[in-house]
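**Student:** Quick one, structure14.txt (compact mmCIF, N, CA and C atoms):
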```txt
# COMPACT_ATOMS: atom_id res chain seq x y z
N MET Z 16 -106.95 45.43 22.13
CA MET Z 16 -107.85 46.58 22.25
C MET Z 16 -108.52 46.58 23.62
N THR Z 17 -108.83 47.76 24.09
CA THR Z 17 -109.57 47.91 25.33
C THR Z 17 -111.04 47.61 25.04
N PRO Z 18 -111.85 47.37 26.08
CA PRO Z 18 -113.28 47.16 25.83
C PRO Z 18 -113.93 48.33 25.08
N GLU Z 19 -113.57 49.54 25.43
CA GLU Z 19 -114.13 50.71 24.74
C GLU Z 19 -113.74 50.70 23.26
N GLN Z 20 -112.50 50.36 22.96
CA GLN Z 20 -112.05 50.31 21.57
C GLN Z 20 -112.75 49.19 20.80
N LYS Z 21 -113.03 48.08 21.47
CA LYS Z 21 -113.76 46.99 20.82
C LYS Z 21 -115.17 47.44 20.44
N ILE Z 22 -115.82 48.21 21.32
CA ILE Z 22 -117.15 48.73 21.02
C ILE Z 22 -117.08 49.68 19.82
N LYS Z 23 -116.12 50.58 19.84
CA LYS Z 23 -115.96 51.52 18.73
C LYS Z 23 -115.70 50.76 17.42
N HIS Z 24 -114.86 49.74 17.49
CA HIS Z 24 -114.56 48.93 16.30
C HIS Z 24 -115.83 48.28 15.76
N THR Z 25 -116.65 47.73 16.65
CA THR Z 25 -117.88 47.08 16.23
C THR Z 25 -118.87 48.08 15.63
N ILE Z 26 -118.98 49.25 16.22
CA ILE Z 26 -119.86 50.29 15.67
C ILE Z 26 -119.35 50.75 14.30
N LEU Z 27 -118.03 50.94 14.18
CA LEU Z 27 -117.45 51.31 12.88
C LEU Z 27 -117.72 50.24 11.83
N HIS Z 28 -117.57 49.00 12.23
CA HIS Z 28 -117.83 47.89 11.32
C HIS Z 28 -119.27 47.95 10.81
N HIS Z 29 -120.20 48.24 11.71
CA HIS Z 29 -121.61 48.37 11.33
C HIS Z 29 -121.81 49.56 10.38
N LEU Z 30 -121.19 50.69 10.70
CA LEU Z 30 -121.32 51.88 9.84
C LEU Z 30 -120.76 51.62 8.45
N PHE Z 31 -119.57 51.04 8.38
CA PHE Z 31 -118.92 50.82 7.09
C PHE Z 31 -119.63 49.75 6.27
N SER Z 32 -120.28 48.81 6.93
CA SER Z 32 -120.99 47.77 6.18
C SER Z 32 -122.24 48.32 5.51
N GLU Z 33 -122.73 49.46 5.97
CA GLU Z 33 -123.93 50.08 5.38
C GLU Z 33 -123.60 51.04 4.25
N THR Z 34 -122.30 51.30 4.03
CA THR Z 34 -121.90 52.26 3.00
C THR Z 34 -120.90 51.61 2.06
N ASP Z 35 -120.46 52.38 1.09
CA ASP Z 35 -119.44 51.90 0.17
C ASP Z 35 -118.04 52.27 0.65
N ILE Z 36 -117.93 52.80 1.84
CA ILE Z 36 -116.63 53.19 2.38
C ILE Z 36 -115.82 51.94 2.69
N VAL Z 37 -114.60 51.92 2.20
CA VAL Z 37 -113.70 50.81 2.51
C VAL Z 37 -112.57 51.40 3.35
N PRO Z 38 -112.64 51.22 4.67
CA PRO Z 38 -111.65 51.84 5.54
C PRO Z 38 -110.34 51.06 5.53
N VAL Z 39 -109.33 51.70 6.08
CA VAL Z 39 -108.08 50.99 6.32
C VAL Z 39 -108.33 49.97 7.41
N ALA Z 40 -107.40 49.08 7.62
CA ALA Z 40 -107.55 48.10 8.69
C ALA Z 40 -107.70 48.82 10.02
N ILE Z 41 -108.67 48.39 10.81
CA ILE Z 41 -108.92 49.03 12.11
C ILE Z 41 -108.07 48.32 13.15
N THR Z 42 -107.24 49.10 13.83
CA THR Z 42 -106.35 48.57 14.86
C THR Z 42 -106.52 49.37 16.14
N ALA Z 43 -105.87 48.91 17.21
CA ALA Z 43 -105.92 49.63 18.48
C ALA Z 43 -105.30 51.02 18.34
N ASP Z 44 -104.40 51.18 17.39
CA ASP Z 44 -103.72 52.47 17.21
C ASP Z 44 -104.59 53.50 16.49
N ASN Z 45 -105.50 53.05 15.61
CA ASN Z 45 -106.26 54.03 14.84
C ASN Z 45 -107.77 54.04 15.10
N VAL Z 46 -108.27 53.11 15.91
CA VAL Z 46 -109.73 53.01 16.09
C VAL Z 46 -110.33 54.27 16.70
N ASP Z 47 -109.65 54.89 17.65
CA ASP Z 47 -110.20 56.09 18.29
C ASP Z 47 -110.31 57.25 17.29
N ASP Z 48 -109.26 57.44 16.47
CA ASP Z 48 -109.28 58.52 15.48
C ASP Z 48 -110.34 58.26 14.41
N LEU Z 49 -110.44 57.02 13.93
CA LEU Z 49 -111.46 56.68 12.94
C LEU Z 49 -112.86 56.92 13.49
N TYR Z 50 -113.06 56.55 14.75
CA TYR Z 50 -114.37 56.71 15.37
C TYR Z 50 -114.73 58.18 15.51
N ASP Z 51 -113.76 58.98 15.92
CA ASP Z 51 -114.01 60.41 16.10
C ASP Z 51 -114.34 61.11 14.78
N ASP Z 52 -113.89 60.54 13.66
CA ASP Z 52 -114.14 61.13 12.35
C ASP Z 52 -115.52 60.78 11.79
N GLN Z 53 -116.25 59.90 12.44
CA GLN Z 53 -117.54 59.44 11.94
C GLN Z 53 -118.69 60.06 12.71
N ASP Z 54 -119.85 60.13 12.07
CA ASP Z 54 -121.07 60.55 12.74
C ASP Z 54 -121.81 59.26 13.11
N ALA Z 55 -121.50 58.74 14.30
CA ALA Z 55 -122.01 57.42 14.70
C ALA Z 55 -123.07 57.50 15.78
N TYR Z 56 -123.65 58.67 16.00
CA TYR Z 56 -124.58 58.84 17.12
C TYR Z 56 -125.75 57.86 17.07
N ASP Z 57 -126.39 57.73 15.91
CA ASP Z 57 -127.58 56.87 15.82
C ASP Z 57 -127.24 55.41 16.09
N VAL Z 58 -126.15 54.92 15.51
CA VAL Z 58 -125.75 53.53 15.72
C VAL Z 58 -125.32 53.34 17.18
N GLU Z 59 -124.59 54.29 17.72
CA GLU Z 59 -124.15 54.21 19.11
C GLU Z 59 -125.35 54.20 20.05
N TYR Z 60 -126.35 55.03 19.78
CA TYR Z 60 -127.54 55.11 20.62
C TYR Z 60 -128.25 53.76 20.69
N GLU Z 61 -128.39 53.10 19.53
CA GLU Z 61 -129.03 51.78 19.51
C GLU Z 61 -128.14 50.71 20.11
N PHE Z 62 -126.84 50.80 19.85
CA PHE Z 62 -125.90 49.78 20.31
C PHE Z 62 -125.81 49.75 21.84
N ARG Z 63 -125.95 50.90 22.48
CA ARG Z 63 -125.77 50.96 23.93
C ARG Z 63 -126.80 50.15 24.70
N GLN Z 64 -127.89 49.75 24.05
CA GLN Z 64 -128.89 48.90 24.69
C GLN Z 64 -128.40 47.47 24.85
N GLY Z 65 -127.35 47.11 24.11
CA GLY Z 65 -126.79 45.76 24.20
C GLY Z 65 -127.62 44.74 23.45
N ASP Z 66 -127.04 43.55 23.28
CA ASP Z 66 -127.73 42.45 22.61
C ASP Z 66 -128.41 41.52 23.61
N VAL Z 67 -127.79 41.36 24.77
CA VAL Z 67 -128.34 40.48 25.80
C VAL Z 67 -128.22 41.16 27.17
N THR Z 68 -129.14 40.81 28.05
CA THR Z 68 -129.06 41.28 29.44
C THR Z 68 -128.30 40.23 30.23
N THR Z 69 -127.37 40.68 31.07
CA THR Z 69 -126.59 39.76 31.88
C THR Z 69 -127.03 39.85 33.33
N ASP Z 70 -126.56 38.94 34.15
CA ASP Z 70 -126.88 38.97 35.57
C ASP Z 70 -125.75 39.56 36.40
N ILE Z 71 -124.85 40.31 35.76
CA ILE Z 71 -123.74 40.93 36.46
C ILE Z 71 -124.25 42.16 37.21
N PRO Z 72 -123.92 42.29 38.50
CA PRO Z 72 -124.37 43.47 39.24
C PRO Z 72 -123.86 44.74 38.58
N CYS Z 73 -124.71 45.77 38.55
CA CYS Z 73 -124.31 47.02 37.91
C CYS Z 73 -124.56 48.20 38.83
N GLU Z 74 -124.05 49.33 38.39
CA GLU Z 74 -124.27 50.57 39.13
C GLU Z 74 -125.76 50.91 39.11
N TYR Z 75 -126.16 51.74 40.04
CA TYR Z 75 -127.55 52.19 40.05
C TYR Z 75 -127.60 53.64 40.46
N SER Z 76 -128.73 54.25 40.21
CA SER Z 76 -128.94 55.65 40.55
C SER Z 76 -130.40 55.81 40.93
N ARG Z 77 -130.68 56.74 41.79
CA ARG Z 77 -132.08 56.97 42.13
C ARG Z 77 -132.77 57.79 41.05
N HIS Z 78 -132.00 58.27 40.06
CA HIS Z 78 -132.59 59.10 39.00
C HIS Z 78 -132.87 58.33 37.72
N CYS Z 79 -132.19 57.20 37.51
CA CYS Z 79 -132.35 56.42 36.27
C CYS Z 79 -132.41 54.94 36.60
N GLU Z 80 -132.98 54.17 35.69
CA GLU Z 80 -132.95 52.72 35.78
C GLU Z 80 -131.66 52.23 35.12
N SER Z 81 -131.20 51.04 35.51
CA SER Z 81 -130.00 50.50 34.89
C SER Z 81 -130.07 48.99 34.87
N ARG Z 82 -129.34 48.42 33.92
CA ARG Z 82 -129.19 46.97 33.86
C ARG Z 82 -127.87 46.67 33.15
N SER Z 83 -127.32 45.50 33.44
CA SER Z 83 -126.08 45.07 32.79
C SER Z 83 -126.43 44.42 31.47
N VAL Z 84 -125.75 44.85 30.42
CA VAL Z 84 -125.97 44.29 29.09
C VAL Z 84 -124.63 43.91 28.48
N ALA Z 85 -124.69 43.16 27.39
CA ALA Z 85 -123.47 42.74 26.71
C ALA Z 85 -123.74 42.58 25.22
N ALA Z 86 -122.67 42.54 24.45
CA ALA Z 86 -122.77 42.29 23.01
C ALA Z 86 -121.49 41.60 22.56
N ARG Z 87 -121.64 40.78 21.51
CA ARG Z 87 -120.48 40.13 20.89
C ARG Z 87 -119.82 41.15 19.96
N MET Z 88 -118.53 41.26 20.07
CA MET Z 88 -117.78 42.21 19.26
C MET Z 88 -117.35 41.58 17.94
N VAL Z 89 -116.83 42.40 17.05
CA VAL Z 89 -116.38 41.94 15.73
C VAL Z 89 -115.35 40.83 15.84
N ASP Z 90 -114.48 40.90 16.85
CA ASP Z 90 -113.42 39.90 17.01
C ASP Z 90 -113.90 38.62 17.69
N GLY Z 91 -115.20 38.54 18.01
CA GLY Z 91 -115.77 37.35 18.64
C GLY Z 91 -115.79 37.39 20.16
N SER Z 92 -115.12 38.36 20.75
CA SER Z 92 -115.14 38.49 22.22
C SER Z 92 -116.45 39.14 22.65
N TRP Z 93 -116.71 39.11 23.95
CA TRP Z 93 -117.90 39.74 24.53
C TRP Z 93 -117.48 40.89 25.42
N VAL Z 94 -118.23 41.99 25.35
CA VAL Z 94 -118.00 43.16 26.20
C VAL Z 94 -119.32 43.51 26.87
N GLY Z 95 -119.24 43.88 28.14
CA GLY Z 95 -120.42 44.27 28.90
C GLY Z 95 -120.32 45.70 29.39
N TRP Z 96 -121.47 46.28 29.75
CA TRP Z 96 -121.51 47.64 30.29
C TRP Z 96 -122.86 47.84 30.97
N THR Z 97 -123.00 48.98 31.62
CA THR Z 97 -124.27 49.33 32.26
C THR Z 97 -125.10 50.15 31.28
N TYR Z 98 -126.32 49.70 31.03
CA TYR Z 98 -127.25 50.42 30.16
C TYR Z 98 -128.15 51.26 31.05
N TRP Z 99 -128.09 52.57 30.88
CA TRP Z 99 -128.91 53.50 31.65
C TRP Z 99 -130.13 53.89 30.82
N TYR Z 100 -131.31 53.92 31.45
CA TYR Z 100 -132.53 54.29 30.75
C TYR Z 100 -133.52 54.88 31.75
N GLY Z 101 -134.62 55.41 31.24
CA GLY Z 101 -135.64 56.00 32.11
C GLY Z 101 -135.24 57.40 32.55
N GLY Z 102 -135.60 57.74 33.74
CA GLY Z 102 -135.22 59.04 34.28
C GLY Z 102 -136.30 60.10 34.22
N GLY Z 103 -137.44 59.75 33.68
CA GLY Z 103 -138.54 60.71 33.67
C GLY Z 103 -138.41 61.77 32.60
N LYS Z 104 -139.27 62.76 32.72
CA LYS Z 104 -139.41 63.80 31.70
C LYS Z 104 -138.11 64.54 31.42
N HIS Z 105 -137.35 64.84 32.46
CA HIS Z 105 -136.14 65.64 32.28
C HIS Z 105 -134.87 64.80 32.37
N GLY Z 106 -135.02 63.49 32.43
CA GLY Z 106 -133.85 62.63 32.51
C GLY Z 106 -133.13 62.53 31.18
N GLU Z 107 -131.82 62.36 31.24
CA GLU Z 107 -131.01 62.18 30.03
C GLU Z 107 -130.05 61.01 30.25
N PRO Z 108 -130.57 59.78 30.35
CA PRO Z 108 -129.68 58.66 30.62
C PRO Z 108 -128.67 58.41 29.50
N GLU Z 109 -128.99 58.84 28.27
CA GLU Z 109 -128.04 58.64 27.17
C GLU Z 109 -126.79 59.50 27.31
N SER Z 110 -126.83 60.50 28.19
CA SER Z 110 -125.65 61.35 28.39
C SER Z 110 -124.69 60.77 29.44
N ILE Z 111 -125.08 59.71 30.12
CA ILE Z 111 -124.21 59.07 31.11
C ILE Z 111 -123.14 58.27 30.37
N PRO Z 112 -121.86 58.49 30.68
CA PRO Z 112 -120.80 57.75 30.00
C PRO Z 112 -120.95 56.25 30.22
N TRP Z 113 -120.90 55.47 29.16
CA TRP Z 113 -121.04 54.03 29.29
C TRP Z 113 -119.90 53.29 28.60
N MET Z 114 -119.43 53.81 27.49
CA MET Z 114 -118.35 53.13 26.78
C MET Z 114 -117.08 53.07 27.60
N SER Z 115 -116.78 54.15 28.27
CA SER Z 115 -115.54 54.20 29.06
C SER Z 115 -115.61 53.27 30.27
N GLU Z 116 -116.81 52.85 30.65
CA GLU Z 116 -117.00 51.96 31.79
C GLU Z 116 -117.17 50.50 31.37
N ALA Z 117 -117.04 50.20 30.09
CA ALA Z 117 -117.24 48.85 29.58
C ALA Z 117 -116.14 47.91 30.09
N TYR Z 118 -116.45 46.61 30.08
CA TYR Z 118 -115.52 45.61 30.60
C TYR Z 118 -115.60 44.34 29.75
N ASP Z 119 -114.47 43.63 29.67
CA ASP Z 119 -114.42 42.36 28.95
C ASP Z 119 -115.16 41.30 29.74
N LEU Z 120 -115.75 40.35 29.05
CA LEU Z 120 -116.50 39.27 29.69
C LEU Z 120 -115.99 37.91 29.23
N ASP Z 121 -116.04 36.95 30.13
CA ASP Z 121 -115.89 35.55 29.78
C ASP Z 121 -117.31 35.01 29.64
N VAL Z 122 -117.57 34.28 28.57
CA VAL Z 122 -118.92 33.76 28.33
C VAL Z 122 -118.86 32.26 28.16
N LYS Z 123 -119.73 31.58 28.87
CA LYS Z 123 -119.88 30.14 28.71
C LYS Z 123 -121.24 29.90 28.06
N GLU Z 124 -121.21 29.35 26.88
CA GLU Z 124 -122.45 29.07 26.18
C GLU Z 124 -122.69 27.56 26.20
N GLU Z 125 -123.92 27.18 26.52
CA GLU Z 125 -124.26 25.77 26.50
C GLU Z 125 -125.69 25.62 26.00
N GLU Z 126 -125.90 24.58 25.23
CA GLU Z 126 -127.22 24.28 24.71
C GLU Z 126 -127.94 23.40 25.72
N LYS Z 127 -129.21 23.73 26.01
CA LYS Z 127 -129.98 22.96 26.99
C LYS Z 127 -131.28 22.49 26.36
N LEU Z 128 -131.66 21.29 26.70
CA LEU Z 128 -132.94 20.74 26.26
C LEU Z 128 -133.99 21.19 27.27
N VAL Z 129 -135.08 21.73 26.77
CA VAL Z 129 -136.14 22.21 27.65
C VAL Z 129 -137.40 21.39 27.38
N ILE Z 130 -138.02 20.90 28.43
CA ILE Z 130 -139.29 20.18 28.30
C ILE Z 130 -140.40 21.10 28.78
N VAL Z 131 -141.39 21.29 27.93
CA VAL Z 131 -142.53 22.15 28.26
C VAL Z 131 -143.75 21.25 28.38
N GLN Z 132 -144.46 21.37 29.49
CA GLN Z 132 -145.66 20.56 29.71
C GLN Z 132 -146.88 21.47 29.61
N THR Z 133 -147.89 21.01 28.85
CA THR Z 133 -149.13 21.72 28.72
C THR Z 133 -150.26 20.81 29.18
N PHE Z 134 -151.06 21.26 30.10
CA PHE Z 134 -152.12 20.43 30.69
C PHE Z 134 -153.49 20.93 30.26
N SER Z 135 -154.43 19.99 30.14
CA SER Z 135 -155.84 20.33 29.90
C SER Z 135 -156.70 19.26 30.55
N LYS Z 136 -157.94 19.61 30.84
CA LYS Z 136 -158.86 18.64 31.46
C LYS Z 136 -159.28 17.61 30.43
N LYS Z 137 -159.44 16.37 30.88
CA LYS Z 137 -159.98 15.32 30.01
C LYS Z 137 -161.47 15.52 29.86
N SER Z 138 -161.94 15.31 28.68
CA SER Z 138 -163.39 15.41 28.50
C SER Z 138 -164.01 14.03 28.75
N THR Z 139 -165.13 13.99 29.45
CA THR Z 139 -165.79 12.71 29.78
C THR Z 139 -167.05 12.48 29.02
```
Any chance you could put this one into structure tokens?
**Tutor:**
Amino acid sequence: MTPEQKIKHTILHHLFSETDIVPVAITADNVDDLYDDQDAYDVEYEFRQGDVTTDIPCEYSRHCESRSVAARMVDGSWVGWTYWYGGGKHGEPESIPWMSEAYDLDVKEEEKLVIVQTFSKKST
């Protein structure tokens, strides 16, 4: 699947898990048609914010704010895209295409031990 199809698959998975609908197996051949048949605007609107912010350079505009975000897909892979937001009173960042600009990511996860020091004055 393409990154865009992986996003659609994940959104469909979320939609179907909230209902009693039992869809056919979702594949690269049918994901676009299944997605087009659903009213997924609300889930898509929330999903486009991503699960994590990445440090990957992203596009920018003088009219909207942007940041690179990513989410884990149903198949366990990670996909990233540019999240557009802001834009003032007449801005419509949600109308900027983002799914078609999505990209696959390699992710390295590692657990780190963090030491936090808290200081206070000694009382005499």
**Student:** Taking into account all atoms listed in the file, which residue in the set Z:Met16, Z:Tyr60, Z:Asp51, Z:His24 is nearest to Z:Glu109?
**Tutor:**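 Among the listed residues, Z:Tyr60 lies closest to Z:Glu109.
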**Student:** My list of candidates is Z:Pro108, Z:Ile26, Z:Glu33, Z:Pro18. Which is closest to Z:Val89 when distances are computed with all atoms listed in the file?
**Tutor:**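 Under the stated criterion, the closest residue is Z:Ile26.
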**Student:** Which neighbours of stretch 75-85 of chain Z fall inside 12 Å, counting only C-alpha atoms, when residues of the same chain fewer than 6 positions from it are skipped, and could you give them as a ChimeraX atom specification?
**Tutor:** /Z:18,22,62-69,92-111,113-114,116-122
**Student:** Generate a file of the selected residues that holds N, CA and C atoms, formatted as a JSON list (two decimals), in the frame of the given file.
**Tutor:**
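Output saved as out_9.json:
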```json
[["chain", "number", "residue", "atom", "x", "y", "z"],
["Z", 18, "PRO", "N", -111.85, 47.37, 26.08],
["Z", 18, "PRO", "CA", -113.28, 47.16, 25.83],
["Z", 18, "PRO", "C", -113.93, 48.33, 25.08],
["Z", 22, "ILE", "N", -115.82, 48.21, 21.32],
["Z", 22, "ILE", "CA", -117.15, 48.73, 21.02],
["Z", 22, "ILE", "C", -117.08, 49.68, 19.82],
["Z", 62, "PHE", "N", -126.84, 50.80, 19.85],
["Z", 62, "PHE", "CA", -125.90, 49.78, 20.31],
["Z", 62, "PHE", "C", -125.81, 49.75, 21.84],
["Z", 63, "ARG", "N", -125.95, 50.90, 22.48],
["Z", 63, "ARG", "CA", -125.77, 50.96, 23.93],
["Z", 63, "ARG", "C", -126.80, 50.15, 24.70],
["Z", 64, "GLN", "N", -127.89, 49.75, 24.05],
["Z", 64, "GLN", "CA", -128.89, 48.90, 24.69],
["Z", 64, "GLN", "C", -128.40, 47.47, 24.85],
["Z", 65, "GLY", "N", -127.35, 47.11, 24.11],
["Z", 65, "GLY", "CA", -126.79, 45.76, 24.20],
["Z", 65, "GLY", "C", -127.62, 44.74, 23.45],
["Z", 66, "ASP", "N", -127.04, 43.55, 23.28],
["Z", 66, "ASP", "CA", -127.73, 42.45, 22.61],
["Z", 66, "ASP", "C", -128.41, 41.52, 23.61],
["Z", 67, "VAL", "N", -127.79, 41.36, 24.77],
["Z", 67, "VAL", "CA", -128.34, 40.48, 25.80],
["Z", 67, "VAL", "C", -128.22, 41.16, 27.17],
["Z", 68, "THR", "N", -129.14, 40.81, 28.05],
["Z", 68, "THR", "CA", -129.06, 41.28, 29.44],
["Z", 68, "THR", "C", -128.30, 40.23, 30.23],
["Z", 69, "THR", "N", -127.37, 40.68, 31.07],
["Z", 69, "THR", "CA", -126.59, 39.76, 31.88],
["Z", 69, "THR", "C", -127.03, 39.85, 33.33],
["Z", 92, "SER", "N", -115.12, 38.36, 20.75],
["Z", 92, "SER", "CA", -115.14, 38.49, 22.22],
["Z", 92, "SER", "C", -116.45, 39.14, 22.65],
["Z", 93, "TRP", "N", -116.71, 39.11, 23.95],
["Z", 93, "TRP", "CA", -117.90, 39.74, 24.53],
["Z", 93, "TRP", "C", -117.48, 40.89, 25.42],
["Z", 94, "VAL", "N", -118.23, 41.99, 25.35],
["Z", 94, "VAL", "CA", -118.00, 43.16, 26.20],
["Z", 94, "VAL", "C", -119.32, 43.51, 26.87],
["Z", 95, "GLY", "N", -119.24, 43.88, 28.14],
["Z", 95, "GLY", "CA", -120.42, 44.27, 28.90],
["Z", 95, "GLY", "C", -120.32, 45.70, 29.39],
["Z", 96, "TRP", "N", -121.47, 46.28, 29.75],
["Z", 96, "TRP", "CA", -121.51, 47.64, 30.29],
["Z", 96, "TRP", "C", -122.86, 47.84, 30.97],
["Z", 97, "THR", "N", -123.00, 48.98, 31.62],
["Z", 97, "THR", "CA", -124.27, 49.33, 32.26],
["Z", 97, "THR", "C", -125.10, 50.15, 31.28],
["Z", 98, "TYR", "N", -126.32, 49.70, 31.03],
["Z", 98, "TYR", "CA", -127.25, 50.42, 30.16],
["Z", 98, "TYR", "C", -128.15, 51.26, 31.05],
["Z", 99, "TRP", "N", -128.09, 52.57, 30.88],
["Z", 99, "TRP", "CA", -128.91, 53.50, 31.65],
["Z", 99, "TRP", "C", -130.13, 53.89, 30.82],
["Z", 100, "TYR", "N", -131.31, 53.92, 31.45],
["Z", 100, "TYR", "CA", -132.53, 54.29, 30.75],
["Z", 100, "TYR", "C", -133.52, 54.88, 31.75],
["Z", 101, "GLY", "N", -134.62, 55.41, 31.24],
["Z", 101, "GLY", "CA", -135.64, 56.00, 32.11],
["Z", 101, "GLY", "C", -135.24, 57.40, 32.55],
["Z", 102, "GLY", "N", -135.60, 57.74, 33.74],
["Z", 102, "GLY", "CA", -135.22, 59.04, 34.28],
["Z", 102, "GLY", "C", -136.30, 60.10, 34.22],
["Z", 103, "GLY", "N", -137.44, 59.75, 33.68],
["Z", 103, "GLY", "CA", -138.54, 60.71, 33.67],
["Z", 103, "GLY", "C", -138.41, 61.77, 32.60],
["Z", 104, "LYS", "N", -139.27, 62.76, 32.72],
["Z", 104, "LYS", "CA", -139.41, 63.80, 31.70],
["Z", 104, "LYS", "C", -138.11, 64.54, 31.42],
["Z", 105, "HIS", "N", -137.35, 64.84, 32.46],
["Z", 105, "HIS", "CA", -136.14, 65.64, 32.28],
["Z", 105, "HIS", "C", -134.87, 64.80, 32.37],
["Z", 106, "GLY", "N", -135.02, 63.49, 32.43],
["Z", 106, "GLY", "CA", -133.85, 62.63, 32.51],
["Z", 106, "GLY", "C", -133.13, 62.53, 31.18],
["Z", 107, "GLU", "N", -131.82, 62.36, 31.24],
["Z", 107, "GLU", "CA", -131.01, 62.18, 30.03],
["Z", 107, "GLU", "C", -130.05, 61.01, 30.25],
["Z", 108, "PRO", "N", -130.57, 59.78, 30.35],
["Z", 108, "PRO", "CA", -129.68, 58.66, 30.62],
["Z", 108, "PRO", "C", -128.67, 58.41, 29.50],
["Z", 109, "GLU", "N", -128.99, 58.84, 28.27],
["Z", 109, "GLU", "CA", -128.04, 58.64, 27.17],
["Z", 109, "GLU", "C", -126.79, 59.50, 27.31],
["Z", 110, "SER", "N", -126.83, 60.50, 28.19],
["Z", 110, "SER", "CA", -125.65, 61.35, 28.39],
["Z", 110, "SER", "C", -124.69, 60.77, 29.44],
["Z", 111, "ILE", "N", -125.08, 59.71, 30.12],
["Z", 111, "ILE", "CA", -124.21, 59.07, 31.11],
["Z", 111, "ILE", "C", -123.14, 58.27, 30.37],
["Z", 113, "TRP", "N", -120.90, 55.47, 29.16],
["Z", 113, "TRP", "CA", -121.04, 54.03, 29.29],
["Z", 113, "TRP", "C", -119.90, 53.29, 28.60],
["Z", 114, "MET", "N", -119.43, 53.81, 27.49],
["Z", 114, "MET", "CA", -118.35, 53.13, 26.78],
["Z", 114, "MET", "C", -117.08, 53.07, 27.60],
["Z", 116, "GLU", "N", -116.81, 52.85, 30.65],
["Z", 116, "GLU", "CA", -117.00, 51.96, 31.79],
["Z", 116, "GLU", "C", -117.17, 50.50, 31.37],
["Z", 117, "ALA", "N", -117.04, 50.20, 30.09],
["Z", 117, "ALA", "CA", -117.24, 48.85, 29.58],
["Z", 117, "ALA", "C", -116.14, 47.91, 30.09],
["Z", 118, "TYR", "N", -116.45, 46.61, 30.08],
["Z", 118, "TYR", "CA", -115.52, 45.61, 30.60],
["Z", 118, "TYR", "C", -115.60, 44.34, 29.75],
["Z", 119, "ASP", "N", -114.47, 43.63, 29.67],
["Z", 119, "ASP", "CA", -114.42, 42.36, 28.95],
["Z", 119, "ASP", "C", -115.16, 41.30, 29.74],
["Z", 120, "LEU", "N", -115.75, 40.35, 29.05],
["Z", 120, "LEU", "CA", -116.50, 39.27, 29.69],
["Z", 120, "LEU", "C", -115.99, 37.91, 29.23],
["Z", 121, "ASP", "N", -116.04, 36.95, 30.13],
["Z", 121, "ASP", "CA", -115.89, 35.55, 29.78],
["Z", 121, "ASP", "C", -117.31, 35.01, 29.64],
["Z", 122, "VAL", "N", -117.57, 34.28, 28.57],
["Z", 122, "VAL", "CA", -118.92, 33.76, 28.33],
["Z", 122, "VAL", "C", -118.86, 32.26, 28.16]]
```
**Student:** Which parts of stretch 22-124 of chain Z does DSSP call helix (DSSP H, G or I) when run on the backbone here, written out as JSON, numbers by chain?
**Tutor:** {"Z": [22, 23, 24, 25, 26, 27, 28, 29, 30, 31, 32, 46, 47, 48, 49, 50, 51, 56, 57, 58, 59, 60, 61, 62, 108, 109, 110, 114, 115, 116]}
**Student:** Would you return as a CSV table (one decimal) with N, CA and C atoms, in the frame of the given file the members of stretch 28-106 of chain Z that DSSP assigns to strand (DSSP E) on this structure's backbone?
**Tutor:**
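Result saved to result_21.csv:
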```
chain,number,residue,atom,x,y,z
Z,67,VAL,N,-127.8,41.4,24.8
Z,67,VAL,CA,-128.3,40.5,25.8
Z,67,VAL,C,-128.2,41.2,27.2
Z,68,THR,N,-129.1,40.8,28.0
Z,68,THR,CA,-129.1,41.3,29.4
Z,68,THR,C,-128.3,40.2,30.2
Z,80,GLU,N,-133.0,54.2,35.7
Z,80,GLU,CA,-133.0,52.7,35.8
Z,80,GLU,C,-131.7,52.2,35.1
Z,81,SER,N,-131.2,51.0,35.5
Z,81,SER,CA,-130.0,50.5,34.9
Z,81,SER,C,-130.1,49.0,34.9
Z,82,ARG,N,-129.3,48.4,33.9
Z,82,ARG,CA,-129.2,47.0,33.9
Z,82,ARG,C,-127.9,46.7,33.2
Z,83,SER,N,-127.3,45.5,33.4
Z,83,SER,CA,-126.1,45.1,32.8
Z,83,SER,C,-126.4,44.4,31.5
Z,84,VAL,N,-125.8,44.8,30.4
Z,84,VAL,CA,-126.0,44.3,29.1
Z,84,VAL,C,-124.6,43.9,28.5
Z,85,ALA,N,-124.7,43.2,27.4
Z,85,ALA,CA,-123.5,42.7,26.7
Z,85,ALA,C,-123.7,42.6,25.2
Z,86,ALA,N,-122.7,42.5,24.4
Z,86,ALA,CA,-122.8,42.3,23.0
Z,86,ALA,C,-121.5,41.6,22.6
Z,87,ARG,N,-121.6,40.8,21.5
Z,87,ARG,CA,-120.5,40.1,20.9
Z,87,ARG,C,-119.8,41.2,20.0
Z,93,TRP,N,-116.7,39.1,24.0
Z,93,TRP,CA,-117.9,39.7,24.5
Z,93,TRP,C,-117.5,40.9,25.4
Z,94,VAL,N,-118.2,42.0,25.4
Z,94,VAL,CA,-118.0,43.2,26.2
Z,94,VAL,C,-119.3,43.5,26.9
Z,95,GLY,N,-119.2,43.9,28.1
Z,95,GLY,CA,-120.4,44.3,28.9
Z,95,GLY,C,-120.3,45.7,29.4
Z,96,TRP,N,-121.5,46.3,29.8
Z,96,TRP,CA,-121.5,47.6,30.3
Z,96,TRP,C,-122.9,47.8,31.0
Z,97,THR,N,-123.0,49.0,31.6
Z,97,THR,CA,-124.3,49.3,32.3
Z,97,THR,C,-125.1,50.2,31.3
Z,98,TYR,N,-126.3,49.7,31.0
Z,98,TYR,CA,-127.2,50.4,30.2
Z,98,TYR,C,-128.2,51.3,31.0
Z,99,TRP,N,-128.1,52.6,30.9
Z,99,TRP,CA,-128.9,53.5,31.6
Z,99,TRP,C,-130.1,53.9,30.8
Z,100,TYR,N,-131.3,53.9,31.4
Z,100,TYR,CA,-132.5,54.3,30.8
Z,100,TYR,C,-133.5,54.9,31.8
```
**Student:** How many Å lie between atom CA of Z:Cys73 and atom C of Z:Pro112, rounded to one decimal?
**Tutor:**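 It comes out at 12.5 Å.
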